[in-house]
Amino acid sequence: MSGSHRLPLESKLLPLQPARVMPDGVFEGYASLFRIPDLGKDVVEPGAFRDSLARRGPSGVKLLWQHDPAEPLGRWLSLAEDSRGLFVRGRLSLVVTRAREIHALMREGAIDGLSIGFRPERARNEPRTGLRRLERVDLWEVSIVTFPMLPQARISAVKTAWPRPAFA
């Protein structure tokens with residue numbers, strides 16, 4: 001620390017119901033939430049992903065580990081904006097060693113962060129607050145990460161693609 005005063009690391013998480021974990025690699029959650037500043041002072045505005053999602057579709061957005069283009073983990077089944085943010089549903093490719101490892105960690109609750117990789121297309125800076133408001137972005141990838149820039153961006157369920165019996 002070389003004499004500098006460092007503040008303790010803080011995390012604020014949304015309370016989530018424990019996810020039922022099944023073996024097929026399907027998971028879902030929010031990769032971005034609207035109007036909440038991230039740790040880098042970016043704020044995503046509603047509608048920011050609309051054009052990019054229409055142009056790219058789920059197959060044009062990569063599913064990566066820690067934003068590393070050399071570490072694809074599977075594919076996105078759906079990406080959609082709702083009133084809360086960018087809701088994603090993906091499937092890990094469990095024939096890939098790293099994806100199997102990540103799946104095991106997700107099942108144990110050790111890994112649950114999501115993070116977006118994008119290029120800003122329209123943004124405005126607020127000098128008074130220091131925030132950058134992202135009004136339109138080109139979404140390239142969504143990663144599973146250990147520490148998301150937006151601490152509330154989390155995997156909320158790891159589950160099966162098959163319907164559960166009514167008694168489950």
# chains A, B, ... in the order shown; residues from 1 in each chain; ligands from 1
call {"tool": "select_by_dssp", "arguments": {"residues": "stretch 25-101 of chain A", "states": "helix (DSSP H, G or I)", "output": "tab-separated table (two decimals) with all heavy atoms, in the first residue's frame"}}
result
chain	number	residue	atom	x	y	z
A	50	ARG	N	-31.20	-1.93	-27.75
A	50	ARG	CA	-32.23	-2.27	-28.74
A	50	ARG	C	-31.68	-2.45	-30.15
A	50	ARG	O	-31.89	-3.50	-30.77
A	50	ARG	CB	-33.32	-1.19	-28.74
A	50	ARG	CG	-34.50	-1.52	-29.64
A	50	ARG	CD	-35.58	-0.44	-29.63
A	50	ARG	NE	-35.94	-0.06	-28.27
A	50	ARG	CZ	-35.78	1.18	-27.78
A	50	ARG	NH1	-35.28	2.15	-28.52
A	50	ARG	NH2	-36.14	1.45	-26.55
A	51	ASP	N	-30.99	-1.46	-30.68
A	51	ASP	CA	-30.49	-1.54	-32.06
A	51	ASP	C	-29.46	-2.64	-32.23
A	51	ASP	O	-29.48	-3.37	-33.22
A	51	ASP	CB	-29.89	-0.20	-32.49
A	51	ASP	CG	-30.92	0.92	-32.60
A	51	ASP	OD1	-32.14	0.60	-32.65
A	51	ASP	OD2	-30.52	2.09	-32.62
A	52	SER	N	-28.58	-2.77	-31.26
A	52	SER	CA	-27.53	-3.79	-31.34
A	52	SER	C	-28.13	-5.20	-31.33
A	52	SER	O	-27.72	-6.06	-32.11
A	52	SER	CB	-26.55	-3.62	-30.18
A	52	SER	OG	-25.49	-4.53	-30.28
A	53	LEU	N	-29.11	-5.43	-30.46
A	53	LEU	CA	-29.75	-6.75	-30.39
A	53	LEU	C	-30.50	-7.05	-31.68
A	53	LEU	O	-30.47	-8.19	-32.16
A	53	LEU	CB	-30.69	-6.83	-29.20
A	53	LEU	CG	-30.03	-6.77	-27.82
A	53	LEU	CD1	-31.09	-6.79	-26.72
A	53	LEU	CD2	-29.03	-7.90	-27.64
A	54	ALA	N	-31.14	-6.05	-32.27
A	54	ALA	CA	-31.86	-6.25	-33.53
A	54	ALA	C	-30.88	-6.57	-34.66
A	54	ALA	O	-31.14	-7.42	-35.51
A	54	ALA	CB	-32.69	-5.01	-33.87
A	55	ARG	N	-29.74	-5.92	-34.64
A	55	ARG	CA	-28.72	-6.09	-35.69
A	55	ARG	C	-27.96	-7.41	-35.52
A	55	ARG	O	-27.73	-8.13	-36.49
A	55	ARG	CB	-27.76	-4.90	-35.63
A	55	ARG	CG	-26.75	-4.80	-36.73
A	55	ARG	CD	-25.98	-3.48	-36.70
A	55	ARG	NE	-25.28	-3.22	-35.45
A	55	ARG	CZ	-25.61	-2.24	-34.59
A	55	ARG	NH1	-26.62	-1.44	-34.83
A	55	ARG	NH2	-24.91	-2.07	-33.48
A	56	ARG	N	-27.57	-7.75	-34.32
A	56	ARG	CA	-26.71	-8.91	-34.08
A	56	ARG	C	-27.47	-10.19	-33.75
A	56	ARG	O	-27.05	-11.28	-34.12
A	56	ARG	CB	-25.75	-8.62	-32.92
A	56	ARG	CG	-24.68	-7.62	-33.24
A	56	ARG	CD	-23.73	-7.47	-32.05
A	56	ARG	NE	-22.71	-6.48	-32.30
A	56	ARG	CZ	-21.56	-6.74	-32.91
A	56	ARG	NH1	-21.31	-7.95	-33.34
A	56	ARG	NH2	-20.68	-5.79	-33.11
A	58	PRO	N	-28.90	-13.07	-30.87
A	58	PRO	CA	-28.11	-13.83	-29.89
A	58	PRO	C	-26.85	-14.45	-30.49
A	58	PRO	O	-25.82	-14.52	-29.82
A	58	PRO	CB	-29.07	-14.91	-29.40
A	58	PRO	CG	-30.42	-14.39	-29.69
A	58	PRO	CD	-30.29	-13.52	-30.91
A	59	SER	N	-26.90	-14.89	-31.74
A	59	SER	CA	-25.73	-15.55	-32.34
A	59	SER	C	-24.59	-14.57	-32.62
A	59	SER	O	-23.45	-14.99	-32.77
A	59	SER	CB	-26.12	-16.29	-33.62
A	59	SER	OG	-26.56	-15.36	-34.60
A	60	GLY	N	-24.88	-13.28	-32.66
A	60	GLY	CA	-23.84	-12.28	-32.92
A	60	GLY	C	-23.19	-11.71	-31.67
A	60	GLY	O	-22.32	-10.85	-31.76
A	97	THR	N	-13.78	-28.07	-21.77
A	97	THR	CA	-13.28	-28.26	-20.41
A	97	THR	C	-13.54	-27.04	-19.52
A	97	THR	O	-14.06	-27.18	-18.41
A	97	THR	CB	-11.77	-28.57	-20.43
A	97	THR	OG1	-11.56	-29.76	-21.20
A	97	THR	CG2	-11.21	-28.77	-19.04
A	98	ARG	N	-13.21	-25.84	-19.99
A	98	ARG	CA	-13.40	-24.64	-19.19
A	98	ARG	C	-14.89	-24.45	-18.86
A	98	ARG	O	-15.24	-24.07	-17.74
A	98	ARG	CB	-12.85	-23.40	-19.89
A	98	ARG	CG	-13.17	-22.10	-19.20
A	98	ARG	CD	-12.45	-21.89	-17.90
A	98	ARG	NE	-11.14	-21.40	-18.21
A	98	ARG	CZ	-10.11	-21.45	-17.40
A	98	ARG	NH1	-10.24	-21.97	-16.20
A	98	ARG	NH2	-8.95	-21.00	-17.75
A	99	ALA	N	-15.78	-24.73	-19.80
A	99	ALA	CA	-17.22	-24.58	-19.56
A	99	ALA	C	-17.68	-25.55	-18.47
A	99	ALA	O	-18.51	-25.19	-17.62
A	99	ALA	CB	-18.01	-24.79	-20.86
A	100	ARG	N	-17.16	-26.78	-18.48
A	100	ARG	CA	-17.51	-27.73	-17.42
A	100	ARG	C	-17.04	-27.22	-16.06
A	100	ARG	O	-17.75	-27.35	-15.05
A	100	ARG	CB	-16.89	-29.11	-17.70
A	100	ARG	CG	-17.63	-29.91	-18.74
A	100	ARG	CD	-17.23	-31.38	-18.75
A	100	ARG	NE	-15.80	-31.63	-18.81
A	100	ARG	CZ	-15.07	-31.66	-19.94
A	100	ARG	NH1	-15.65	-31.46	-21.10
A	100	ARG	NH2	-13.78	-31.91	-19.89
A	101	GLU	N	-15.84	-26.65	-16.03
A	101	GLU	CA	-15.32	-26.11	-14.77
A	101	GLU	C	-16.19	-24.95	-14.27
A	101	GLU	O	-16.54	-24.90	-13.08
A	101	GLU	CB	-13.89	-25.61	-14.97
A	101	GLU	CG	-12.89	-26.70	-15.27
A	101	GLU	CD	-11.54	-26.16	-15.75
A	101	GLU	OE1	-11.39	-24.95	-15.99
A	101	GLU	OE2	-10.62	-27.00	-15.88
call {"tool": "atom_distance", "arguments": {"atom1": "atom CA of A:Ser78", "atom2": "atom CA of A:Glu141"}}
result
12.7 Å
call {"tool": "atom_distance", "arguments": {"atom1": "atom CA of A:Ile155", "atom2": "atom CA of A:Gly40"}}
result
20.6 Å
call {"tool": "select_by_dssp", "arguments": {"residues": "stretch 17-94 of chain A", "states": "strand (DSSP E)", "output": "PyMOL selection string"}}
result
chain A and resi 26-33+42-44+62-65+68-81+85-92
call {"tool": "closest_residue", "arguments": {"among": "A:Phe118, A:Phe34, A:Trp65, A:Phe49", "to": "A:Arg84", "atoms": "only C-alpha atoms"}}
result
A:Phe34
call {"tool": "residues_around", "arguments": {"residues": "A:Gly113", "least_positions_apart": "3", "cutoff": "7 Å", "atoms": "only C-alpha atoms", "output": "list in words"}}
result
Ile144, Val145, Thr146, Phe147, Pro148, Ala153, Arg154 and Ile155 of chain A
call {"tool": "closest_residue", "arguments": {"among": "A:Glu81, A:Glu45, A:Glu108, A:Asp68", "to": "A:Glu135", "atoms": "only C-alpha atoms"}}
result
A:Glu45
call {"tool": "closest_residue", "arguments": {"among": "A:Leu33, A:Leu39, A:Trp76, A:Ala48", "to": "A:Leu64", "atoms": "only C-alpha atoms"}}
result
A:Trp76
call {"tool": "closest_residue", "arguments": {"among": "A:Val137, A:Arg124, A:Ala157, A:His67", "to": "A:Lys41", "atoms": "only C-alpha atoms"}}
result
A:Arg124
call {"tool": "atom_distance", "arguments": {"atom1": "atom CA of A:Gly47", "atom2": "atom CA of A:Asp138"}}
result
11.7 Å
call {"tool": "closest_residue", "arguments": {"among": "A:Ser32, A:Phe27, A:Gly57, A:Leu73", "to": "A:Val96", "atoms": "only C-alpha atoms"}}
result
A:Leu73
call {"tool": "residues_around", "arguments": {"residues": "A:Trp140", "least_positions_apart": "3", "cutoff": "7 Å", "atoms": "only C-alpha atoms", "output": "PyMOL selection string"}}
result
chain A and resi 61-62+117-118
call {"tool": "write_last_selection", "arguments": {"atoms": "C-alpha atoms", "output": "PDB file, in the first residue's frame"}}
result
ATOM      1  CA  VAL A  61     -23.051 -11.747 -29.231  1.00  0.00           C
ATOM      2  CA  LYS A  62     -20.348 -14.015 -27.790  1.00  0.00           C
ATOM      3  CA  GLY A 117     -18.447  -6.018 -23.477  1.00  0.00           C
ATOM      4  CA  PHE A 118     -19.547  -3.178 -25.743  1.00  0.00           C
TER       5      PHE A 118
END
call {"tool": "closest_residue", "arguments": {"among": "A:Val26, A:Ala31, A:Ala110, A:Val44", "to": "A:Arg122", "atoms": "only C-alpha atoms"}}
result
A:Val44
